[in-house]
file work_2.pdb (PDB, C-alpha atoms and all ligand atoms)
ATOM      1  CA  MET A   1      97.231 127.787  69.167  1.00  0.00           C
ATOM      2  CA  SER A   2      93.598 126.804  69.720  1.00  0.00           C
ATOM      3  CA  SER A   3      92.631 124.986  72.922  1.00  0.00           C
ATOM      4  CA  GLU A   4      91.634 121.969  70.809  1.00  0.00           C
ATOM      5  CA  SER A   5      95.020 121.620  69.135  1.00  0.00           C
ATOM      6  CA  SER A   6      96.690 122.294  72.491  1.00  0.00           C
ATOM      7  CA  SER A   7      94.894 119.366  74.145  1.00  0.00           C
ATOM      8  CA  GLN A   8      95.599 117.117  71.150  1.00  0.00           C
ATOM      9  CA  SER A   9      99.303 117.866  71.470  1.00  0.00           C
ATOM     10  CA  LEU A  10      99.195 116.487  75.024  1.00  0.00           C
ATOM     11  CA  ASP A  11      97.698 113.160  73.954  1.00  0.00           C
ATOM     12  CA  ARG A  12     100.122 110.347  74.572  1.00  0.00           C
ATOM     13  CA  PRO A  13     100.211 107.122  72.617  1.00  0.00           C
ATOM     14  CA  THR A  14      98.855 104.039  74.345  1.00  0.00           C
ATOM     15  CA  GLU A  15      99.006 100.344  73.708  1.00  0.00           C
ATOM     16  CA  GLU A  16      96.779  97.450  74.690  1.00  0.00           C
ATOM     17  CA  LEU A  17      98.244  95.086  77.230  1.00  0.00           C
ATOM     18  CA  THR A  18      96.993  91.687  78.382  1.00  0.00           C
ATOM     19  CA  LEU A  19      98.952  89.672  80.899  1.00  0.00           C
ATOM     20  CA  SER A  20      98.578  87.461  83.926  1.00  0.00           C
ATOM     21  CA  VAL A  21      99.643  88.870  87.302  1.00  0.00           C
ATOM     22  CA  ASN A  22      99.753  86.251  90.042  1.00  0.00           C
ATOM     23  CA  GLY A  23      97.278  84.144  88.106  1.00  0.00           C
ATOM     24  CA  GLU A  24      94.797  86.929  87.377  1.00  0.00           C
ATOM     25  CA  THR A  25      94.326  87.996  83.762  1.00  0.00           C
ATOM     26  CA  ILE A  26      94.501  91.748  83.274  1.00  0.00           C
ATOM     27  CA  SER A  27      93.614  93.576  80.064  1.00  0.00           C
ATOM     28  CA  THR A  28      94.250  97.284  79.997  1.00  0.00           C
ATOM     29  CA  THR A  29      95.740 100.172  78.071  1.00  0.00           C
ATOM     30  CA  VAL A  30      99.066 101.682  79.049  1.00  0.00           C
ATOM     31  CA  GLU A  31     101.550 104.212  77.798  1.00  0.00           C
ATOM     32  CA  PRO A  32     104.408 102.412  76.064  1.00  0.00           C
ATOM     33  CA  ARG A  33     106.903 104.083  78.390  1.00  0.00           C
ATOM     34  CA  LEU A  34     105.269 102.777  81.606  1.00  0.00           C
ATOM     35  CA  LYS A  35     107.723 100.632  83.512  1.00  0.00           C
ATOM     36  CA  LEU A  36     106.606  97.202  84.634  1.00  0.00           C
ATOM     37  CA  SER A  37     107.552  98.065  88.231  1.00  0.00           C
ATOM     38  CA  ASP A  38     105.268 101.112  88.217  1.00  0.00           C
ATOM     39  CA  PHE A  39     102.507  99.169  86.471  1.00  0.00           C
ATOM     40  CA  LEU A  40     102.621  96.394  89.075  1.00  0.00           C
ATOM     41  CA  ARG A  41     102.752  98.736  92.051  1.00  0.00           C
ATOM     42  CA  ARG A  42     100.331 101.448  90.974  1.00  0.00           C
ATOM     43  CA  GLU A  43      97.865  99.698  88.695  1.00  0.00           C
ATOM     44  CA  CYS A  44      97.916  96.173  90.118  1.00  0.00           C
ATOM     45  CA  GLY A  45      98.457  97.052  93.801  1.00  0.00           C
ATOM     46  CA  GLN A  46     101.433  94.690  94.093  1.00  0.00           C
ATOM     47  CA  ARG A  47     103.384  96.788  96.592  1.00  0.00           C
ATOM     48  CA  GLY A  48     105.724  93.916  97.344  1.00  0.00           C
ATOM     49  CA  VAL A  49     107.519  94.998  94.184  1.00  0.00           C
ATOM     50  CA  ARG A  50     110.118  97.373  95.612  1.00  0.00           C
ATOM     51  CA  VAL A  51     111.747 100.144  93.677  1.00  0.00           C
ATOM     52  CA  GLY A  52     115.263 101.034  94.782  1.00  0.00           C
ATOM     53  CA  CYS A  53     117.869 102.171  92.300  1.00  0.00           C
ATOM     54  CA  GLU A  54     115.571 102.159  89.249  1.00  0.00           C
ATOM     55  CA  HIS A  55     118.485 101.355  86.982  1.00  0.00           C
ATOM     56  CA  GLY A  56     118.969  97.629  87.248  1.00  0.00           C
ATOM     57  CA  VAL A  57     121.581  97.433  89.991  1.00  0.00           C
ATOM     58  CA  CYS A  58     119.889  96.545  93.296  1.00  0.00           C
ATOM     59  CA  GLY A  59     117.424  93.818  92.294  1.00  0.00           C
ATOM     60  CA  ALA A  60     114.738  95.031  94.712  1.00  0.00           C
ATOM     61  CA  CYS A  61     112.216  95.128  91.855  1.00  0.00           C
ATOM     62  CA  THR A  62     112.780  91.508  90.783  1.00  0.00           C
ATOM     63  CA  VAL A  63     109.698  89.610  89.614  1.00  0.00           C
ATOM     64  CA  LEU A  64     109.277  86.457  87.568  1.00  0.00           C
ATOM     65  CA  VAL A  65     108.202  86.796  83.943  1.00  0.00           C
ATOM     66  CA  ASP A  66     107.286  83.384  82.572  1.00  0.00           C
ATOM     67  CA  GLY A  67     109.372  81.949  85.399  1.00  0.00           C
ATOM     68  CA  LYS A  68     112.500  83.997  84.708  1.00  0.00           C
ATOM     69  CA  SER A  69     113.703  86.537  87.233  1.00  0.00           C
ATOM     70  CA  THR A  70     113.373  89.961  85.679  1.00  0.00           C
ATOM     71  CA  LYS A  71     114.179  93.466  86.863  1.00  0.00           C
ATOM     72  CA  SER A  72     110.858  95.201  86.499  1.00  0.00           C
ATOM     73  CA  CYS A  73     112.465  98.669  86.618  1.00  0.00           C
ATOM     74  CA  LEU A  74     114.302  97.872  83.388  1.00  0.00           C
ATOM     75  CA  THR A  75     111.252  96.409  81.660  1.00  0.00           C
ATOM     76  CA  TYR A  76     108.385  98.250  80.029  1.00  0.00           C
ATOM     77  CA  ALA A  77     104.952  96.874  80.828  1.00  0.00           C
ATOM     78  CA  VAL A  78     104.199  96.471  77.117  1.00  0.00           C
ATOM     79  CA  GLN A  79     107.190  94.137  76.801  1.00  0.00           C
ATOM     80  CA  VAL A  80     105.416  91.517  78.905  1.00  0.00           C
ATOM     81  CA  ASP A  81     102.233  91.448  76.844  1.00  0.00           C
ATOM     82  CA  GLY A  82     100.922  87.875  76.950  1.00  0.00           C
ATOM     83  CA  ALA A  83     103.265  86.818  79.758  1.00  0.00           C
ATOM     84  CA  GLU A  84     102.700  85.366  83.201  1.00  0.00           C
ATOM     85  CA  VAL A  85     104.108  87.668  85.869  1.00  0.00           C
ATOM     86  CA  THR A  86     104.605  86.529  89.448  1.00  0.00           C
ATOM     87  CA  THR A  87     105.385  88.920  92.286  1.00  0.00           C
ATOM     88  CA  VAL A  88     106.077  88.032  95.894  1.00  0.00           C
ATOM     89  CA  GLU A  89     102.349  88.394  96.559  1.00  0.00           C
ATOM     90  CA  GLY A  90     101.792  85.393  94.284  1.00  0.00           C
ATOM     91  CA  LEU A  91     103.752  82.958  96.439  1.00  0.00           C
ATOM     92  CA  ALA A  92     101.699  82.590  99.621  1.00  0.00           C
ATOM     93  CA  THR A  93      98.421  80.705  99.396  1.00  0.00           C
ATOM     94  CA  ASP A  94      95.460  81.087 101.774  1.00  0.00           C
ATOM     95  CA  GLY A  95      97.675  82.925 104.241  1.00  0.00           C
ATOM     96  CA  GLU A  96     100.265  80.164 104.256  1.00  0.00           C
ATOM     97  CA  LEU A  97     103.758  81.302 103.384  1.00  0.00           C
ATOM     98  CA  HIS A  98     105.594  79.646 100.540  1.00  0.00           C
ATOM     99  CA  PRO A  99     108.497  77.511 101.850  1.00  0.00           C
ATOM    100  CA  ILE A 100     110.958  80.101 100.536  1.00  0.00           C
ATOM    101  CA  GLN A 101     109.229  82.865 102.484  1.00  0.00           C
ATOM    102  CA  GLU A 102     109.056  80.636 105.549  1.00  0.00           C
ATOM    103  CA  ALA A 103     112.777  79.859 105.260  1.00  0.00           C
ATOM    104  CA  TYR A 104     113.665  83.571 105.071  1.00  0.00           C
ATOM    105  CA  HIS A 105     111.581  84.076 108.199  1.00  0.00           C
ATOM    106  CA  GLN A 106     113.099  81.140 110.064  1.00  0.00           C
ATOM    107  CA  GLU A 107     116.674  82.093 109.206  1.00  0.00           C
ATOM    108  CA  HIS A 108     116.223  85.788 110.084  1.00  0.00           C
ATOM    109  CA  ALA A 109     117.092  86.733 106.549  1.00  0.00           C
ATOM    110  CA  LEU A 110     114.932  89.852 106.670  1.00  0.00           C
ATOM    111  CA  GLN A 111     116.596  92.883 108.198  1.00  0.00           C
ATOM    112  CA  CYS A 112     115.136  96.161 107.009  1.00  0.00           C
ATOM    113  CA  GLY A 113     113.301  93.973 104.514  1.00  0.00           C
ATOM    114  CA  PHE A 114     113.405  96.360 101.589  1.00  0.00           C
ATOM    115  CA  CYS A 115     115.380  93.991  99.399  1.00  0.00           C
ATOM    116  CA  THR A 116     113.626  90.841 100.608  1.00  0.00           C
ATOM    117  CA  SER A 117     110.932  90.369  97.999  1.00  0.00           C
ATOM    118  CA  GLY A 118     113.525  90.693  95.249  1.00  0.00           C
ATOM    119  CA  PHE A 119     115.735  88.118  96.959  1.00  0.00           C
ATOM    120  CA  VAL A 120     112.779  85.775  97.459  1.00  0.00           C
ATOM    121  CA  MET A 121     111.865  85.943  93.777  1.00  0.00           C
ATOM    122  CA  ALA A 122     115.470  85.420  92.699  1.00  0.00           C
ATOM    123  CA  THR A 123     115.560  82.419  95.054  1.00  0.00           C
ATOM    124  CA  LYS A 124     112.385  81.069  93.471  1.00  0.00           C
ATOM    125  CA  GLU A 125     113.902  81.165  90.017  1.00  0.00           C
ATOM    126  CA  LEU A 126     117.169  79.669  91.281  1.00  0.00           C
ATOM    127  CA  LEU A 127     115.500  76.727  93.046  1.00  0.00           C
ATOM    128  CA  ASP A 128     113.111  76.084  90.147  1.00  0.00           C
ATOM    129  CA  ARG A 129     116.151  75.810  87.882  1.00  0.00           C
ATOM    130  CA  ASN A 130     118.516  74.127  90.328  1.00  0.00           C
ATOM    131  CA  PRO A 131     116.762  72.492  93.311  1.00  0.00           C
ATOM    132  CA  ASP A 132     120.000  71.692  95.149  1.00  0.00           C
ATOM    133  CA  PRO A 133     122.494  74.496  94.523  1.00  0.00           C
ATOM    134  CA  ASP A 134     125.913  74.517  96.194  1.00  0.00           C
ATOM    135  CA  LYS A 135     127.175  77.617  97.962  1.00  0.00           C
ATOM    136  CA  GLY A 136     128.799  79.044  94.847  1.00  0.00           C
ATOM    137  CA  GLU A 137     125.642  78.495  92.825  1.00  0.00           C
ATOM    138  CA  VAL A 138     123.548  80.209  95.500  1.00  0.00           C
ATOM    139  CA  LYS A 139     125.878  83.227  95.471  1.00  0.00           C
ATOM    140  CA  GLU A 140     125.818  83.322  91.701  1.00  0.00           C
ATOM    141  CA  GLY A 141     122.025  82.925  91.618  1.00  0.00           C
ATOM    142  CA  LEU A 142     121.564  85.899  93.924  1.00  0.00           C
ATOM    143  CA  ALA A 143     124.375  88.008  92.479  1.00  0.00           C
ATOM    144  CA  ASP A 144     121.976  90.470  90.856  1.00  0.00           C
ATOM    145  CA  ASN A 145     120.457  91.398  94.213  1.00  0.00           C
ATOM    146  CA  ILE A 146     121.959  93.734  96.783  1.00  0.00           C
ATOM    147  CA  CYS A 147     121.143  93.840 100.479  1.00  0.00           C
ATOM    148  CA  ARG A 148     122.422  97.083 101.901  1.00  0.00           C
ATOM    149  CA  CYS A 149     122.214  95.617 105.407  1.00  0.00           C
ATOM    150  CA  THR A 150     124.901  93.183 104.138  1.00  0.00           C
ATOM    151  CA  GLY A 151     123.345  90.273 106.029  1.00  0.00           C
ATOM    152  CA  TYR A 152     124.121  87.794 103.313  1.00  0.00           C
ATOM    153  CA  GLN A 153     124.935  84.813 105.522  1.00  0.00           C
ATOM    154  CA  ASN A 154     121.354  84.496 106.751  1.00  0.00           C
ATOM    155  CA  ILE A 155     120.049  84.908 103.219  1.00  0.00           C
ATOM    156  CA  TYR A 156     122.287  82.083 102.021  1.00  0.00           C
ATOM    157  CA  LYS A 157     121.134  79.934 104.964  1.00  0.00           C
ATOM    158  CA  ALA A 158     117.522  80.662 104.047  1.00  0.00           C
ATOM    159  CA  VAL A 159     118.106  79.476 100.489  1.00  0.00           C
ATOM    160  CA  ASP A 160     119.665  76.248 101.815  1.00  0.00           C
ATOM    161  CA  ARG A 161     116.735  75.690 104.151  1.00  0.00           C
ATOM    162  CA  ALA A 162     114.204  76.391 101.411  1.00  0.00           C
ATOM    163  CA  ALA A 163     115.991  73.988  99.056  1.00  0.00           C
ATOM    164  CA  ASP A 164     115.891  71.242 101.696  1.00  0.00           C
ATOM    165  CA  GLU A 165     112.217  71.807 102.437  1.00  0.00           C
ATOM    166  CA  LEU A 166     111.181  71.970  98.806  1.00  0.00           C
ATOM    167  CA  MET A 167     113.037  68.753  98.023  1.00  0.00           C
ATOM    168  CA  GLU A 168     111.387  66.988 100.960  1.00  0.00           C
ATOM    169  CA  ALA A 169     107.870  68.289 100.300  1.00  0.00           C
ATOM    170  CA  PRO A 170     105.531  66.082  98.280  1.00  0.00           C
ATOM    171  CA  SER A 171     104.918  67.850  94.974  1.00  0.00           C
ATOM    172  CA  ASP A 172     101.145  67.891  95.628  1.00  0.00           C
ATOM    173  CA  ASP A 173     101.742  70.107  98.649  1.00  0.00           C
ATOM    174  CA  LEU A 174     103.410  72.700  96.457  1.00  0.00           C
ATOM    175  CA  SER A 175     101.355  72.498  93.304  1.00  0.00           C
ATOM    176  CA  ASP A 176      99.054  75.325  94.398  1.00  0.00           C
ATOM    177  CA  ARG A 177     101.829  77.465  95.820  1.00  0.00           C
ATOM    178  CA  THR A 178     104.134  77.822  92.900  1.00  0.00           C
ATOM    179  CA  GLY A 179     102.869  81.145  91.575  1.00  0.00           C
ATOM    180  CA  GLY A 180     102.174  82.015  87.959  1.00  0.00           C
ATOM    181  CA  GLY A 181     105.687  81.365  86.714  1.00  0.00           C
ATOM    182  CA  GLU A 182     105.522  77.619  86.565  1.00  0.00           C
TER     183      GLU A 182
HETATM  184  S1  LIG B 201     114.948  99.027  91.395  1.00  0.00           S
HETATM  185 FE1  LIG B 201     115.230  97.645  89.763  1.00  0.00          FE
HETATM  186  S2  LIG B 201     117.240  96.909  90.011  1.00  0.00           S
HETATM  187 FE2  LIG B 201     117.036  98.446  91.547  1.00  0.00          FE
HETATM  188  S1  LIG B 202     117.250  93.594 104.432  1.00  0.00           S
HETATM  189 FE1  LIG B 202     117.759  95.665 104.281  1.00  0.00          FE
HETATM  190  S2  LIG B 202     118.491  95.992 102.285  1.00  0.00           S
HETATM  191 FE2  LIG B 202     118.228  93.887 102.513  1.00  0.00          FE
END
call {"tool": "encode", "arguments": {"input": "work_2.pdb", "output": "C-alpha cells", "more": "lines below"}}
Ligand code: FES
Ligand code: FES
result
Amino acid sequence: MSSESSSQSLDRPTEELTLSVNGETISTTVEPRLKLSDFLRRECGQRGVRVGCEHGVCGACTVLVDGKSTKSCLTYAVQVDGAEVTTVEGLATDGELHPIQEAYHQEHALQCGFCTSGFVMATKELLDRNPDPDKGEVKEGLADNICRCTGYQNIYKAVDRAADELMEAPSDDLSDRTGGGE
C-alpha cells in the first residue's frame, strides 16, 4: 500500500457544526462520533461539564439543550447543530452566582462536588418548568442524577431555597442570568 493511500484510509469523516454555547456562537467542524460532553470540555473549555459513568446513568454531564436537561455523554455534538447549549458556566453573570448556585452553596449541597453541576442544571430545567415543585416533584425532577455522597437532603433543601428566591426575585434581576436555554 502506498503512503498516500495509507494516509487517505486514516481520514475520518467530518461534519460542520454551528451552535450557541452559553450565548456564544461557535462554528466548527467535528467528527460525527464526537460526544457533546467531550466537545464542550475539550473544544469549548467548559470543564464544569463532568464526565462520570459515560453511559447515561449518573447525570454528572447534564447540560441544557434549548432549555431541556440533556445527558451530554449520550449526545453527539452534531445532534445539537443549531441549538442553544447552556452549561453551568453559563449561569453566573459578572462573578455573581445564579440563585440556584447560591442556594446550593447556602444549603451545603456540595460535598465532593463532582455531581453538582449536573444537579444544578437539572434544577434549572425543573424550576423553569415548575417554579414551585413539591417534594415529590423535586425528587422526580432530579431522579436522573446520582450523588455518590448520598447527601440528598441538602440538595433538596437547596432546590426549595432556590425556588423561593427565584419566585421572590423581580424578573428584571434574573433576565441576564438565565443562560442560553431560555
Ligand atoms: S457521564 Fe453522562 S450520565 Fe454519567
Ligand atoms: S457531591 Fe459528591 S457525588 Fe455528589
call {"tool": "residues_around", "arguments": {"input": "work_2.pdb", "residues": "stretch 84-96 of chain A", "least_positions_apart": "2", "cutoff": "10 Å", "atoms": "only C-alpha atoms", "output": "ChimeraX atom specification"}}
result
/A:18-25,36,40,45-49,61-70,80-82,98-102,116-121,124,174,176-182
call {"tool": "closest_atom_pairs", "arguments": {"input": "work_2.pdb", "of": "chain A", "to": "ligand LIG 202 (chain B)", "cutoff": "12 Å", "atoms": "only C-alpha atoms and all ligand atoms", "output": "tab-separated table"}}
result
residue	atom	partner	partner_atom	distance
A:Arg50	CA	B:LIG202	S2	10.8
A:Val51	CA	B:LIG202	S2	11.7
A:Gly52	CA	B:LIG202	S2	9.6
A:Cys53	CA	B:LIG202	S2	11.8
A:Cys58	CA	B:LIG202	S2	9.1
A:Gly59	CA	B:LIG202	FE2	10.3
A:Ala60	CA	B:LIG202	S2	8.5
A:Tyr104	CA	B:LIG202	S1	10.7
A:His105	CA	B:LIG202	S1	11.7
A:His108	CA	B:LIG202	S1	9.7
A:Ala109	CA	B:LIG202	S1	7.2
A:Leu110	CA	B:LIG202	S1	4.9
A:Gln111	CA	B:LIG202	S1	3.9
A:Cys112	CA	B:LIG202	FE1	3.8
A:Gly113	CA	B:LIG202	S1	4.0
A:Phe114	CA	B:LIG202	S2	5.1
A:Cys115	CA	B:LIG202	FE2	4.2
A:Thr116	CA	B:LIG202	FE2	5.8
A:Ser117	CA	B:LIG202	FE2	9.3
A:Gly118	CA	B:LIG202	FE2	9.2
A:Phe119	CA	B:LIG202	FE2	8.4
A:Val120	CA	B:LIG202	FE2	11.0
A:Asn145	CA	B:LIG202	FE2	8.9
A:Ile146	CA	B:LIG202	FE2	6.8
A:Cys147	CA	B:LIG202	FE2	3.6
A:Arg148	CA	B:LIG202	S2	4.1
A:Cys149	CA	B:LIG202	FE1	4.6
A:Thr150	CA	B:LIG202	FE2	6.9
A:Gly151	CA	B:LIG202	S1	7.1
A:Tyr152	CA	B:LIG202	FE2	8.5
A:Gln153	CA	B:LIG202	FE2	11.7
A:Asn154	CA	B:LIG202	S1	10.2
A:Ile155	CA	B:LIG202	FE2	9.2
call {"tool": "atom_distance", "arguments": {"input": "work_2.pdb", "atom1": "atom CA of A:Leu74", "atom2": "atom CA of A:Pro133"}}
result
27.2 Å
call {"tool": "residues_around", "arguments": {"input": "work_2.pdb", "residues": "A:Asp134", "least_positions_apart": "6", "cutoff": "12 Å", "atoms": "only C-alpha atoms", "output": "CSV table (one decimal) with C-alpha atoms, keeping the file's coordinate frame"}}
result
chain,number,residue,atom,x,y,z
A,126,LEU,CA,117.2,79.7,91.3
A,127,LEU,CA,115.5,76.7,93.0
A,140,GLU,CA,125.8,83.3,91.7
A,141,GLY,CA,122.0,82.9,91.6
A,156,TYR,CA,122.3,82.1,102.0
A,157,LYS,CA,121.1,79.9,105.0
A,159,VAL,CA,118.1,79.5,100.5
A,160,ASP,CA,119.7,76.2,101.8
A,163,ALA,CA,116.0,74.0,99.1
A,164,ASP,CA,115.9,71.2,101.7
call {"tool": "residues_around", "arguments": {"input": "work_2.pdb", "residues": "A:Pro32", "least_positions_apart": "6", "cutoff": "10 Å", "atoms": "all atoms listed in the file", "output": "PyMOL selection string"}}
result
chain A and resi 12-17+76-79
call {"tool": "atom_distance", "arguments": {"input": "work_2.pdb", "atom1": "atom CA of A:Ala169", "atom2": "atom CA of A:Gln106"}}
result
17.0 Å
call {"tool": "closest_residue", "arguments": {"input": "work_2.pdb", "among": "A:Glu43, A:Leu10, A:Glu125, A:Gly56", "to": "ligand LIG 201 (chain B)", "atoms": "all atoms listed in the file"}}
result
A:Gly56
call {"tool": "axis_aligned_box", "arguments": {"input": "work_2.pdb", "around": "ligand LIG 201 (chain B)", "padding_each_side": "3 Å", "output": "lines of an AutoDock Vina configuration file"}}
result
center_x = 116.1
center_y = 98.0
center_z = 90.7
size_x = 8.3
size_y = 8.1
size_z = 7.8
call {"tool": "closest_residue", "arguments": {"input": "work_2.pdb", "among": "A:Leu142, A:Val57, A:Ile26, A:Leu34", "to": "ligand LIG 201 (chain B)", "atoms": "only C-alpha atoms and all ligand atoms"}}
result
A:Val57
call {"tool": "atom_distance", "arguments": {"input": "work_2.pdb", "atom1": "atom CA of A:Ser72", "atom2": "atom CA of A:Glu54"}}
result
8.8 Å
call {"tool": "closest_residue", "arguments": {"input": "work_2.pdb", "among": "A:Glu107, A:Glu165, A:Glu31, A:Asp38", "to": "ligand LIG 201 (chain B)", "atoms": "all atoms listed in the file"}}
result
A:Asp38
call {"tool": "closest_residue", "arguments": {"input": "work_2.pdb", "among": "A:Ala158, A:Arg42, A:Asp132, A:Lys35", "to": "ligand LIG 201 (chain B)", "atoms": "all atoms listed in the file"}}
result
A:Lys35
call {"tool": "build_atoms", "arguments": {"input": "work_2.pdb", "residues": "stretch 30-39 of chain A", "atoms": "all heavy atoms", "output": "PDB file, keeping the file's coordinate frame"}}
result
ATOM      1  N   VAL A  30      97.987 100.982  78.340  1.00  0.00           N
ATOM      2  CA  VAL A  30      99.066 101.682  79.049  1.00  0.00           C
ATOM      3  C   VAL A  30      99.882 102.503  78.057  1.00  0.00           C
ATOM      4  O   VAL A  30      99.887 102.243  76.861  1.00  0.00           O
ATOM      5  CB  VAL A  30     100.018 100.692  79.767  1.00  0.00           C
ATOM      6  CG1 VAL A  30      99.297  99.924  80.852  1.00  0.00           C
ATOM      7  CG2 VAL A  30     100.691  99.741  78.776  1.00  0.00           C
ATOM      8  N   GLU A  31     100.572 103.498  78.614  1.00  0.00           N
ATOM      9  CA  GLU A  31     101.550 104.212  77.798  1.00  0.00           C
ATOM     10  C   GLU A  31     102.741 103.286  77.554  1.00  0.00           C
ATOM     11  O   GLU A  31     103.156 102.568  78.468  1.00  0.00           O
ATOM     12  CB  GLU A  31     102.017 105.472  78.512  1.00  0.00           C
ATOM     13  CG  GLU A  31     100.962 106.542  78.587  1.00  0.00           C
ATOM     14  CD  GLU A  31     101.486 107.812  79.242  1.00  0.00           C
ATOM     15  OE1 GLU A  31     102.714 108.055  79.202  1.00  0.00           O
ATOM     16  OE2 GLU A  31     100.674 108.552  79.799  1.00  0.00           O
ATOM     17  N   PRO A  32     103.292 103.316  76.367  1.00  0.00           N
ATOM     18  CA  PRO A  32     104.408 102.412  76.064  1.00  0.00           C
ATOM     19  C   PRO A  32     105.606 102.616  76.986  1.00  0.00           C
ATOM     20  O   PRO A  32     106.402 101.710  77.184  1.00  0.00           O
ATOM     21  CB  PRO A  32     104.781 102.774  74.612  1.00  0.00           C
ATOM     22  CG  PRO A  32     103.587 103.431  74.055  1.00  0.00           C
ATOM     23  CD  PRO A  32     102.881 104.107  75.195  1.00  0.00           C
ATOM     24  N   ARG A  33     105.718 103.814  77.563  1.00  0.00           N
ATOM     25  CA  ARG A  33     106.903 104.083  78.390  1.00  0.00           C
ATOM     26  C   ARG A  33     106.701 103.672  79.852  1.00  0.00           C
ATOM     27  O   ARG A  33     107.590 103.883  80.675  1.00  0.00           O
ATOM     28  CB  ARG A  33     107.240 105.568  78.343  1.00  0.00           C
ATOM     29  CG  ARG A  33     106.148 106.406  78.967  1.00  0.00           C
ATOM     30  CD  ARG A  33     106.506 107.857  79.013  1.00  0.00           C
ATOM     31  NE  ARG A  33     105.519 108.575  79.815  1.00  0.00           N
ATOM     32  CZ  ARG A  33     105.721 109.758  80.331  1.00  0.00           C
ATOM     33  NH1 ARG A  33     106.868 110.364  80.139  1.00  0.00           N
ATOM     34  NH2 ARG A  33     104.795 110.350  81.037  1.00  0.00           N
ATOM     35  N   LEU A  34     105.525 103.131  80.205  1.00  0.00           N
ATOM     36  CA  LEU A  34     105.269 102.777  81.606  1.00  0.00           C
ATOM     37  C   LEU A  34     106.120 101.567  82.003  1.00  0.00           C
ATOM     38  O   LEU A  34     106.069 100.510  81.372  1.00  0.00           O
ATOM     39  CB  LEU A  34     103.785 102.444  81.793  1.00  0.00           C
ATOM     40  CG  LEU A  34     103.369 102.050  83.210  1.00  0.00           C
ATOM     41  CD1 LEU A  34     103.532 103.223  84.183  1.00  0.00           C
ATOM     42  CD2 LEU A  34     101.934 101.531  83.221  1.00  0.00           C
ATOM     43  N   LYS A  35     106.883 101.746  83.055  1.00  0.00           N
ATOM     44  CA  LYS A  35     107.723 100.632  83.512  1.00  0.00           C
ATOM     45  C   LYS A  35     106.869  99.544  84.152  1.00  0.00           C
ATOM     46  O   LYS A  35     105.859  99.839  84.805  1.00  0.00           O
ATOM     47  CB  LYS A  35     108.734 101.132  84.551  1.00  0.00           C
ATOM     48  CG  LYS A  35     109.817 102.001  83.981  1.00  0.00           C
ATOM     49  CD  LYS A  35     110.728 102.439  85.116  1.00  0.00           C
ATOM     50  CE  LYS A  35     111.857 103.283  84.596  1.00  0.00           C
ATOM     51  NZ  LYS A  35     112.776 103.649  85.693  1.00  0.00           N
ATOM     52  N   LEU A  36     107.335  98.316  84.026  1.00  0.00           N
ATOM     53  CA  LEU A  36     106.606  97.202  84.634  1.00  0.00           C
ATOM     54  C   LEU A  36     106.524  97.375  86.151  1.00  0.00           C
ATOM     55  O   LEU A  36     105.493  97.080  86.758  1.00  0.00           O
ATOM     56  CB  LEU A  36     107.308  95.882  84.282  1.00  0.00           C
ATOM     57  CG  LEU A  36     106.687  94.615  84.868  1.00  0.00           C
ATOM     58  CD1 LEU A  36     105.241  94.434  84.437  1.00  0.00           C
ATOM     59  CD2 LEU A  36     107.520  93.396  84.470  1.00  0.00           C
ATOM     60  N   SER A  37     107.578  97.871  86.775  1.00  0.00           N
ATOM     61  CA  SER A  37     107.552  98.065  88.231  1.00  0.00           C
ATOM     62  C   SER A  37     106.437  99.037  88.624  1.00  0.00           C
ATOM     63  O   SER A  37     105.687  98.787  89.580  1.00  0.00           O
ATOM     64  CB  SER A  37     108.908  98.581  88.734  1.00  0.00           C
ATOM     65  OG  SER A  37     109.337  99.685  87.959  1.00  0.00           O
ATOM     66  N   ASP A  38     106.317 100.138  87.897  1.00  0.00           N
ATOM     67  CA  ASP A  38     105.268 101.112  88.217  1.00  0.00           C
ATOM     68  C   ASP A  38     103.885 100.535  87.904  1.00  0.00           C
ATOM     69  O   ASP A  38     102.923 100.761  88.646  1.00  0.00           O
ATOM     70  CB  ASP A  38     105.489 102.401  87.430  1.00  0.00           C
ATOM     71  CG  ASP A  38     106.722 103.155  87.911  1.00  0.00           C
ATOM     72  OD1 ASP A  38     107.106 102.968  89.088  1.00  0.00           O
ATOM     73  OD2 ASP A  38     107.303 103.905  87.115  1.00  0.00           O
ATOM     74  N   PHE A  39     103.789  99.795  86.811  1.00  0.00           N
ATOM     75  CA  PHE A  39     102.507  99.169  86.471  1.00  0.00           C
ATOM     76  C   PHE A  39     102.058  98.221  87.589  1.00  0.00           C
ATOM     77  O   PHE A  39     100.910  98.251  88.040  1.00  0.00           O
ATOM     78  CB  PHE A  39     102.634  98.413  85.150  1.00  0.00           C
ATOM     79  CG  PHE A  39     101.418  97.616  84.788  1.00  0.00           C
ATOM     80  CD1 PHE A  39     100.277  98.243  84.309  1.00  0.00           C
ATOM     81  CD2 PHE A  39     101.405  96.234  84.929  1.00  0.00           C
ATOM     82  CE1 PHE A  39      99.139  97.504  83.989  1.00  0.00           C
ATOM     83  CE2 PHE A  39     100.278  95.498  84.608  1.00  0.00           C
ATOM     84  CZ  PHE A  39      99.140  96.130  84.143  1.00  0.00           C
TER      85      PHE A  39
END
